[in-house]
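*Asks:* Once you've had a glance at the structure underneath, I'll fire off some questions.
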Amino acid sequence: LGSGVEEEFDLVIGADGIRSAVRAFIQPDAPAPQYTQTRVTFALTDGKSKSLRDPAALSELHQHFGDGLYTLIYSAPGQSKDTHTDMVITAAADPRPTGENPRYTESPDIEKAREELLAELRRSRMPREALEVATRASRLFTVGVYQHRPLPRWSQGGCVVVGDSAHAMAPFLGQGANQAMMDAVALGKRLGKAAERGGGAAEVEKALREYERVRKPPTSALIAKSSVLGKIETQGGVGAVLRDGLFGVAGALGIPGQVFLDNAIPRM
């Protein structure tokens, strides 16, 4: 353990994040998390004032695609009645290695970070509401987007991984937390059946293999899909023009809704 104390357990479930120690135990030569060459910036207001956005849009999430930039704008309830926390989140292609920032540490120079964000929003011709939220934001932080390559196996003896420890993925399909919850349900079901059969070591290991058999294919596919979608959404130049045309046709046909629904269907 982190304290240096050694303990023995019949079962260890690694839900310890993208740089999982349990993952490293199961597969010591597994590659490190892969930087997707994408960074995400969050800008949030303090939640003490009324929203800057149109009141009719407060329950809506607005997505915008610009030249090399994807932007999401939405609002959450604030600290008291009639107040909101407005947020603008951007994703941009960036080949420079950007820190993972797992604790969401705020930018040390908030004014500099704000000016850089505003310049990026203006360059990509993002709408006025994005600029207004960024201007009033009291918290700004940037994270690098990392993902895993699929592991050859998810368990070793009585050790197994779930969530980001098993299949960290880019956020562009919004499936990270969903898939972790599906892992928990799927694993719980298999362990419950193992307990009904006596719960010995052999039964537990069988349950872990069955859990992997069910959950590994859909999550491996989502890692690939999320990565591809992120690259498409952050295209610049000619790529952005082609993306906008593709998304326009796909939207008219209702394809995005079908894609997101299909990826959110429980496979457990």
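Ligands are numbered from 1 in the order shown, chains are lettered A, B, ... in the order of the structure tokens, and residues start at 1 in each chain.
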Write out as a list in words the residues lying within 8 Å of region 238-249 of chain A, counting only C-alpha atoms and excluding same-chain residues fewer than 2 positions away.
*Replies:*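 Neighbouring residues, sequence-local ones excluded: Phe65, Gly66, Asp67, Gly68, Ile232, Glu233, Thr234, Gln235, Gly236, Gly251, Ala252 and Leu253 of chain A.
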*Asks:* Print the selection's residues with C-alpha atoms to a file, as a short mmCIF file (atom, residue, chain, number, x, y, z; two decimals), in the first residue's frame.
*Replies:*
```
data_model
loop_
_atom_site.label_atom_id
_atom_site.label_comp_id
_atom_site.auth_asym_id
_atom_site.auth_seq_id
_atom_site.Cartn_x
_atom_site.Cartn_y
_atom_site.Cartn_z
CA PHE A 65 -17.23 23.91 -34.38
CA GLY A 66 -14.65 26.44 -35.51
CA ASP A 67 -11.34 26.45 -37.32
CA GLY A 68 -9.29 24.09 -35.17
CA ILE A 232 -12.51 15.37 -36.61
CA GLU A 233 -14.04 17.93 -34.25
CA THR A 234 -10.77 19.84 -33.85
CA GLN A 235 -9.88 19.99 -37.56
CA GLY A 236 -8.58 23.25 -38.97
CA GLY A 251 -27.22 16.08 -38.68
CA ALA A 252 -29.97 16.28 -41.29
CA LEU A 253 -30.10 12.49 -41.36
#
```
*Asks:* Given only C-alpha atoms, how would the per-residue table for region 100-181 of chain A near region 11-25 of chain A read, listing every residue at most 10 Å away with its closest atom pair and distance in Å to one decimal, sorted by chain and number, as CSV?
*Replies:*
```
residue,atom,partner,partner_atom,distance
A:Glu100,CA,A:Ile18,CA,9.8
A:Pro102,CA,A:Gly17,CA,9.4
A:Tyr146,CA,A:Ile18,CA,8.3
A:Gln147,CA,A:Ile18,CA,7.8
A:His148,CA,A:Ile18,CA,7.7
A:Leu151,CA,A:Arg23,CA,8.8
A:Arg153,CA,A:Arg23,CA,9.6
A:Trp154,CA,A:Arg23,CA,7.7
A:Ser155,CA,A:Arg23,CA,8.4
A:Gln156,CA,A:Phe25,CA,8.2
A:Gly157,CA,A:Leu11,CA,8.5
A:Gly158,CA,A:Leu11,CA,4.8
A:Cys159,CA,A:Val12,CA,4.7
A:Val160,CA,A:Ile13,CA,5.1
A:Val161,CA,A:Gly14,CA,4.4
A:Val162,CA,A:Ala15,CA,5.4
A:Gly163,CA,A:Ala15,CA,6.3
A:Asp164,CA,A:Gly17,CA,5.0
A:Ser165,CA,A:Gly17,CA,4.8
A:Ala166,CA,A:Arg23,CA,7.1
A:His167,CA,A:Ile18,CA,8.0
A:Ala168,CA,A:Ile18,CA,6.0
A:Met169,CA,A:Ile18,CA,9.3
A:Ala180,CA,A:Ala15,CA,8.9
```
*Asks:* Write the residues you've just listed into a file as a short mmCIF file (atom, residue, chain, number, x, y, z; two decimals), in the first residue's frame, and include N, CA, C and O atoms for each of them.
*Replies:*
```
data_model
loop_
_atom_site.label_atom_id
_atom_site.label_comp_id
_atom_site.auth_asym_id
_atom_site.auth_seq_id
_atom_site.Cartn_x
_atom_site.Cartn_y
_atom_site.Cartn_z
N GLU A 100 -1.47 16.16 -17.88
CA GLU A 100 -2.78 15.54 -17.65
C GLU A 100 -3.62 16.35 -16.67
O GLU A 100 -4.84 16.39 -16.77
N PRO A 102 -4.50 15.94 -13.38
CA PRO A 102 -5.57 15.13 -12.81
C PRO A 102 -6.34 15.79 -11.67
O PRO A 102 -7.47 15.43 -11.39
N TYR A 146 -5.54 12.22 -22.52
CA TYR A 146 -4.77 10.99 -22.65
C TYR A 146 -5.73 9.80 -22.78
O TYR A 146 -6.87 9.85 -22.32
N GLN A 147 -5.23 8.73 -23.39
CA GLN A 147 -6.04 7.53 -23.52
C GLN A 147 -5.14 6.30 -23.40
O GLN A 147 -3.92 6.39 -23.50
N HIS A 148 -5.79 5.15 -23.16
CA HIS A 148 -5.06 3.88 -23.10
C HIS A 148 -5.15 3.15 -24.43
O HIS A 148 -6.16 3.28 -25.15
N LEU A 151 -5.60 -3.17 -23.23
CA LEU A 151 -4.73 -4.15 -22.60
C LEU A 151 -4.98 -5.55 -23.17
O LEU A 151 -6.12 -5.90 -23.49
N ARG A 153 -4.94 -8.18 -21.43
CA ARG A 153 -5.82 -8.80 -20.42
C ARG A 153 -6.11 -7.80 -19.31
O ARG A 153 -5.32 -6.90 -19.07
N TRP A 154 -7.25 -7.98 -18.66
CA TRP A 154 -7.69 -7.05 -17.62
C TRP A 154 -7.49 -7.61 -16.22
O TRP A 154 -7.73 -6.90 -15.24
N SER A 155 -7.10 -8.87 -16.10
CA SER A 155 -6.97 -9.45 -14.77
C SER A 155 -5.76 -10.37 -14.70
O SER A 155 -5.27 -10.87 -15.72
N GLN A 156 -5.31 -10.57 -13.47
CA GLN A 156 -4.22 -11.48 -13.19
C GLN A 156 -4.47 -12.05 -11.81
O GLN A 156 -4.47 -11.32 -10.82
N GLY A 157 -4.76 -13.34 -11.74
CA GLY A 157 -5.13 -13.93 -10.47
C GLY A 157 -6.38 -13.26 -9.93
O GLY A 157 -7.41 -13.19 -10.60
N GLY A 158 -6.29 -12.72 -8.72
CA GLY A 158 -7.44 -12.04 -8.12
C GLY A 158 -7.41 -10.55 -8.27
O GLY A 158 -8.11 -9.84 -7.53
N CYS A 159 -6.63 -10.02 -9.23
CA CYS A 159 -6.56 -8.58 -9.48
C CYS A 159 -7.24 -8.25 -10.80
O CYS A 159 -7.06 -8.95 -11.80
N VAL A 160 -8.00 -7.16 -10.82
CA VAL A 160 -8.73 -6.77 -12.03
C VAL A 160 -8.85 -5.25 -12.07
O VAL A 160 -8.78 -4.58 -11.03
N VAL A 161 -8.99 -4.70 -13.27
CA VAL A 161 -9.13 -3.25 -13.43
C VAL A 161 -10.51 -2.89 -13.97
O VAL A 161 -11.14 -3.67 -14.69
N VAL A 162 -10.96 -1.68 -13.60
CA VAL A 162 -12.24 -1.15 -14.08
C VAL A 162 -12.05 0.33 -14.43
O VAL A 162 -11.09 0.97 -14.02
N GLY A 163 -12.99 0.88 -15.19
CA GLY A 163 -12.98 2.31 -15.50
C GLY A 163 -11.72 2.75 -16.22
O GLY A 163 -11.19 2.04 -17.07
N ASP A 164 -11.23 3.95 -15.88
CA ASP A 164 -10.04 4.48 -16.54
C ASP A 164 -8.82 3.61 -16.35
O ASP A 164 -7.88 3.65 -17.16
N SER A 165 -8.78 2.82 -15.31
CA SER A 165 -7.65 1.91 -15.12
C SER A 165 -7.58 0.88 -16.25
O SER A 165 -6.50 0.42 -16.62
N ALA A 166 -8.74 0.55 -16.80
CA ALA A 166 -8.81 -0.45 -17.86
C ALA A 166 -8.84 0.18 -19.25
O ALA A 166 -8.22 -0.33 -20.19
N HIS A 167 -9.58 1.29 -19.39
CA HIS A 167 -9.86 1.77 -20.75
C HIS A 167 -10.06 3.29 -20.80
O HIS A 167 -11.06 3.77 -21.32
N ALA A 168 -9.11 4.05 -20.29
CA ALA A 168 -9.22 5.51 -20.37
C ALA A 168 -9.37 5.93 -21.83
O ALA A 168 -8.66 5.45 -22.71
N MET A 169 -10.33 6.83 -22.07
CA MET A 169 -10.62 7.24 -23.44
C MET A 169 -10.81 8.75 -23.52
O MET A 169 -11.06 9.41 -22.50
N ALA A 180 -17.47 3.26 -16.91
CA ALA A 180 -17.00 2.82 -15.60
C ALA A 180 -18.15 2.24 -14.78
O ALA A 180 -17.98 1.22 -14.09
#
```
*Asks:* Which residue, A:Ala30, A:Val204, A:Met182, A:Ala93, has the smallest gap to Gly230 (chain A) when you use only C-alpha atoms?
*Replies:*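 For Gly230 (chain A), the nearest of the candidates is A:Ala93.
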*Asks:* Taking only C-alpha atoms into account, name the residue in A:Gln79, A:Thr142, A:Gln27, A:Ser124 that is nearest to Glu106 (chain A).
*Replies:*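 Result for the nearest residue to Glu106 (chain A): A:Thr142.
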*Asks:* Do a neighbour search on Asp94 (chain A) at 7 Å with only C-alpha atoms, toss out local chain neighbours closer than 6 positions, and write the hits as a list of chain:residue names.
*Replies:*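 In the requested format, the answer is A:Gln37, A:Thr38, A:Arg39.
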*Asks:* Can I get the selection written as a CSV table (one decimal), in the first residue's frame, with all heavy atoms?
*Replies:*
```
chain,number,residue,atom,x,y,z
A,37,GLN,N,-2.7,14.4,-28.4
A,37,GLN,CA,-2.4,15.7,-29.1
A,37,GLN,C,-3.7,16.6,-29.1
A,37,GLN,O,-3.9,17.3,-30.0
A,37,GLN,CB,-1.9,15.4,-30.5
A,37,GLN,CG,-0.6,14.6,-30.5
A,37,GLN,CD,0.1,14.6,-31.9
A,37,GLN,OE1,-0.2,15.5,-32.7
A,37,GLN,NE2,1.0,13.7,-32.0
A,38,THR,N,-4.4,16.5,-28.0
A,38,THR,CA,-5.6,17.4,-27.8
A,38,THR,C,-5.5,17.9,-26.4
A,38,THR,O,-5.2,17.2,-25.4
A,38,THR,CB,-6.9,16.6,-28.0
A,38,THR,OG1,-6.9,15.9,-29.2
A,38,THR,CG2,-8.1,17.5,-27.9
A,39,ARG,N,-5.8,19.2,-26.3
A,39,ARG,CA,-5.9,19.8,-24.9
A,39,ARG,C,-7.3,20.4,-24.8
A,39,ARG,O,-8.0,20.8,-25.7
A,39,ARG,CB,-4.9,20.9,-24.7
A,39,ARG,CG,-5.0,22.0,-25.7
A,39,ARG,CD,-4.0,23.1,-25.4
A,39,ARG,NE,-3.8,24.0,-26.5
A,39,ARG,CZ,-4.7,25.0,-26.8
A,39,ARG,NH1,-5.8,25.1,-26.1
A,39,ARG,NH2,-4.5,25.7,-27.9
```
*Asks:* Which one is closest to Asn178 (chain A): A:Arg267, A:Lys193, A:Arg122, A:Lys216? Count only C-alpha atoms.
*Replies:* A:Arg267
*Asks:* Measuring between only C-alpha atoms, which one of A:Ser138, A:Ser80, A:Thr219, A:Thr85 shows the shortest distance to Pro150 (chain A)?
*Replies:*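 Nearest candidate to Pro150 (chain A) out of A:Ser138, A:Ser80, A:Thr219, A:Thr85: A:Thr219.
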*Asks:* Pick out the closest residue to Leu69 (chain A) from this set: A:Ser51, A:Thr41, A:Ser227, A:Thr83. Count only C-alpha atoms.
*Replies:*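 Looking at the shortest contact to Leu69 (chain A), the residue is A:Thr41.
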*Asks:* Fewer than 3 positions away in the same chain doesn't count, so skip those; otherwise give me all residues within 9 Å of Arg139 (chain A), counting only C-alpha atoms, as a list in words.
*Replies:*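 In the requested form, the answer reads Phe42, Ala43, Leu44, Thr45, Asp46, Glu106, Ser107 and Ile110 of chain A.
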*Asks:* What would the file look like if the residues just selected were written as a PDB file, in the first residue's frame with all heavy atoms?
*Replies:*
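What follows is the written file selection_36.pdb:
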```
ATOM      1  N   PHE A  42     -11.138  24.604 -19.612  1.00  0.00           N
ATOM      2  CA  PHE A  42     -12.392  24.863 -18.921  1.00  0.00           C
ATOM      3  C   PHE A  42     -12.367  26.292 -18.374  1.00  0.00           C
ATOM      4  O   PHE A  42     -11.371  26.707 -17.778  1.00  0.00           O
ATOM      5  CB  PHE A  42     -12.583  23.907 -17.741  1.00  0.00           C
ATOM      6  CG  PHE A  42     -12.673  22.457 -18.099  1.00  0.00           C
ATOM      7  CD1 PHE A  42     -11.530  21.734 -18.412  1.00  0.00           C
ATOM      8  CD2 PHE A  42     -13.895  21.812 -18.120  1.00  0.00           C
ATOM      9  CE1 PHE A  42     -11.599  20.391 -18.731  1.00  0.00           C
ATOM     10  CE2 PHE A  42     -13.980  20.464 -18.438  1.00  0.00           C
ATOM     11  CZ  PHE A  42     -12.830  19.750 -18.741  1.00  0.00           C
ATOM     12  N   ALA A  43     -13.460  27.012 -18.555  1.00  0.00           N
ATOM     13  CA  ALA A  43     -13.605  28.349 -17.975  1.00  0.00           C
ATOM     14  C   ALA A  43     -14.985  28.415 -17.315  1.00  0.00           C
ATOM     15  O   ALA A  43     -16.000  28.154 -17.969  1.00  0.00           O
ATOM     16  CB  ALA A  43     -13.467  29.428 -19.040  1.00  0.00           C
ATOM     17  N   LEU A  44     -15.035  28.743 -16.021  1.00  0.00           N
ATOM     18  CA  LEU A  44     -16.273  28.720 -15.252  1.00  0.00           C
ATOM     19  C   LEU A  44     -16.466  30.024 -14.496  1.00  0.00           C
ATOM     20  O   LEU A  44     -15.520  30.577 -13.938  1.00  0.00           O
ATOM     21  CB  LEU A  44     -16.273  27.573 -14.235  1.00  0.00           C
ATOM     22  CG  LEU A  44     -16.065  26.148 -14.706  1.00  0.00           C
ATOM     23  CD1 LEU A  44     -14.595  25.820 -14.892  1.00  0.00           C
ATOM     24  CD2 LEU A  44     -16.671  25.180 -13.692  1.00  0.00           C
ATOM     25  N   THR A  45     -17.710  30.498 -14.450  1.00  0.00           N
ATOM     26  CA  THR A  45     -18.033  31.640 -13.601  1.00  0.00           C
ATOM     27  C   THR A  45     -18.221  31.145 -12.167  1.00  0.00           C
ATOM     28  O   THR A  45     -18.270  29.937 -11.912  1.00  0.00           O
ATOM     29  CB  THR A  45     -19.311  32.353 -14.089  1.00  0.00           C
ATOM     30  OG1 THR A  45     -20.415  31.433 -14.031  1.00  0.00           O
ATOM     31  CG2 THR A  45     -19.139  32.859 -15.513  1.00  0.00           C
ATOM     32  N   ASP A  46     -18.346  32.082 -11.216  1.00  0.00           N
ATOM     33  CA  ASP A  46     -18.315  31.695  -9.802  1.00  0.00           C
ATOM     34  C   ASP A  46     -19.627  31.148  -9.250  1.00  0.00           C
ATOM     35  O   ASP A  46     -19.684  30.699  -8.099  1.00  0.00           O
ATOM     36  CB  ASP A  46     -17.837  32.860  -8.943  1.00  0.00           C
ATOM     37  CG  ASP A  46     -18.747  34.084  -9.050  1.00  0.00           C
ATOM     38  OD1 ASP A  46     -19.883  33.957  -9.558  1.00  0.00           O
ATOM     39  OD2 ASP A  46     -18.302  35.174  -8.630  1.00  0.00           O
ATOM     40  N   GLU A 106      -5.859  24.991 -11.173  1.00  0.00           N
ATOM     41  CA  GLU A 106      -6.184  26.196 -11.929  1.00  0.00           C
ATOM     42  C   GLU A 106      -4.934  26.861 -12.492  1.00  0.00           C
ATOM     43  O   GLU A 106      -3.833  26.709 -11.966  1.00  0.00           O
ATOM     44  CB  GLU A 106      -6.935  27.177 -11.024  1.00  0.00           C
ATOM     45  CG  GLU A 106      -8.289  26.651 -10.577  1.00  0.00           C
ATOM     46  CD  GLU A 106      -9.051  27.625  -9.709  1.00  0.00           C
ATOM     47  OE1 GLU A 106      -8.784  28.842  -9.829  1.00  0.00           O
ATOM     48  OE2 GLU A 106      -9.889  27.186  -8.924  1.00  0.00           O
ATOM     49  N   SER A 107      -5.120  27.590 -13.581  1.00  0.00           N
ATOM     50  CA  SER A 107      -4.017  28.296 -14.223  1.00  0.00           C
ATOM     51  C   SER A 107      -3.398  29.275 -13.224  1.00  0.00           C
ATOM     52  O   SER A 107      -4.126  30.029 -12.567  1.00  0.00           O
ATOM     53  CB  SER A 107      -4.510  29.053 -15.453  1.00  0.00           C
ATOM     54  OG  SER A 107      -5.092  28.164 -16.385  1.00  0.00           O
ATOM     55  N   ILE A 110      -4.336  33.655 -14.129  1.00  0.00           N
ATOM     56  CA  ILE A 110      -5.672  33.549 -14.694  1.00  0.00           C
ATOM     57  C   ILE A 110      -5.924  34.589 -15.789  1.00  0.00           C
ATOM     58  O   ILE A 110      -6.598  34.311 -16.779  1.00  0.00           O
ATOM     59  CB  ILE A 110      -6.756  33.634 -13.593  1.00  0.00           C
ATOM     60  CG1 ILE A 110      -8.134  33.269 -14.180  1.00  0.00           C
ATOM     61  CG2 ILE A 110      -6.782  34.998 -12.950  1.00  0.00           C
ATOM     62  CD1 ILE A 110      -9.205  33.097 -13.120  1.00  0.00           C
TER      63      ILE A 110
END
```
*Asks:* Please extract the residues of region 6-202 of chain A with a backbone DSSP assignment of helix (DSSP H, G or I) and present them as a ChimeraX atom specification.
*Replies:* /A:21-26,55-57,110-123,128-136,164-167,171-173,176-196,201-202
*Asks:* Using only C-alpha atoms for the distances, tell me which of A:Lys206, A:Lys81, A:Arg215, A:Arg114 is nearest to Ala186 (chain A).
*Replies:*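 Counting only C-alpha atoms, the residue closest to Ala186 (chain A) is A:Arg215.
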*Asks:* Name the residues in contact with Gln63 (chain A) at a cut-off of 9 Å, using only C-alpha atoms, excluding same-chain residues fewer than 3 positions from it; report them as a PyMOL selection string.
*Replies:* chain A and resi 70-73
*Asks:* Please return as an MDAnalysis selection string: the residues of region 132-252 of chain A that backbone DSSP assigns to strand (DSSP E).
*Replies:* chainID A and resid 139:147 155:156 159:161
*Asks:* Just how far from CA of Phe260 (chain A) is CA of Pro218 (chain A), in Å to one decimal?
*Replies:*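 Answer for the CA of Pro218 (chain A) to CA of Phe260 (chain A) separation: 13.5 Å.
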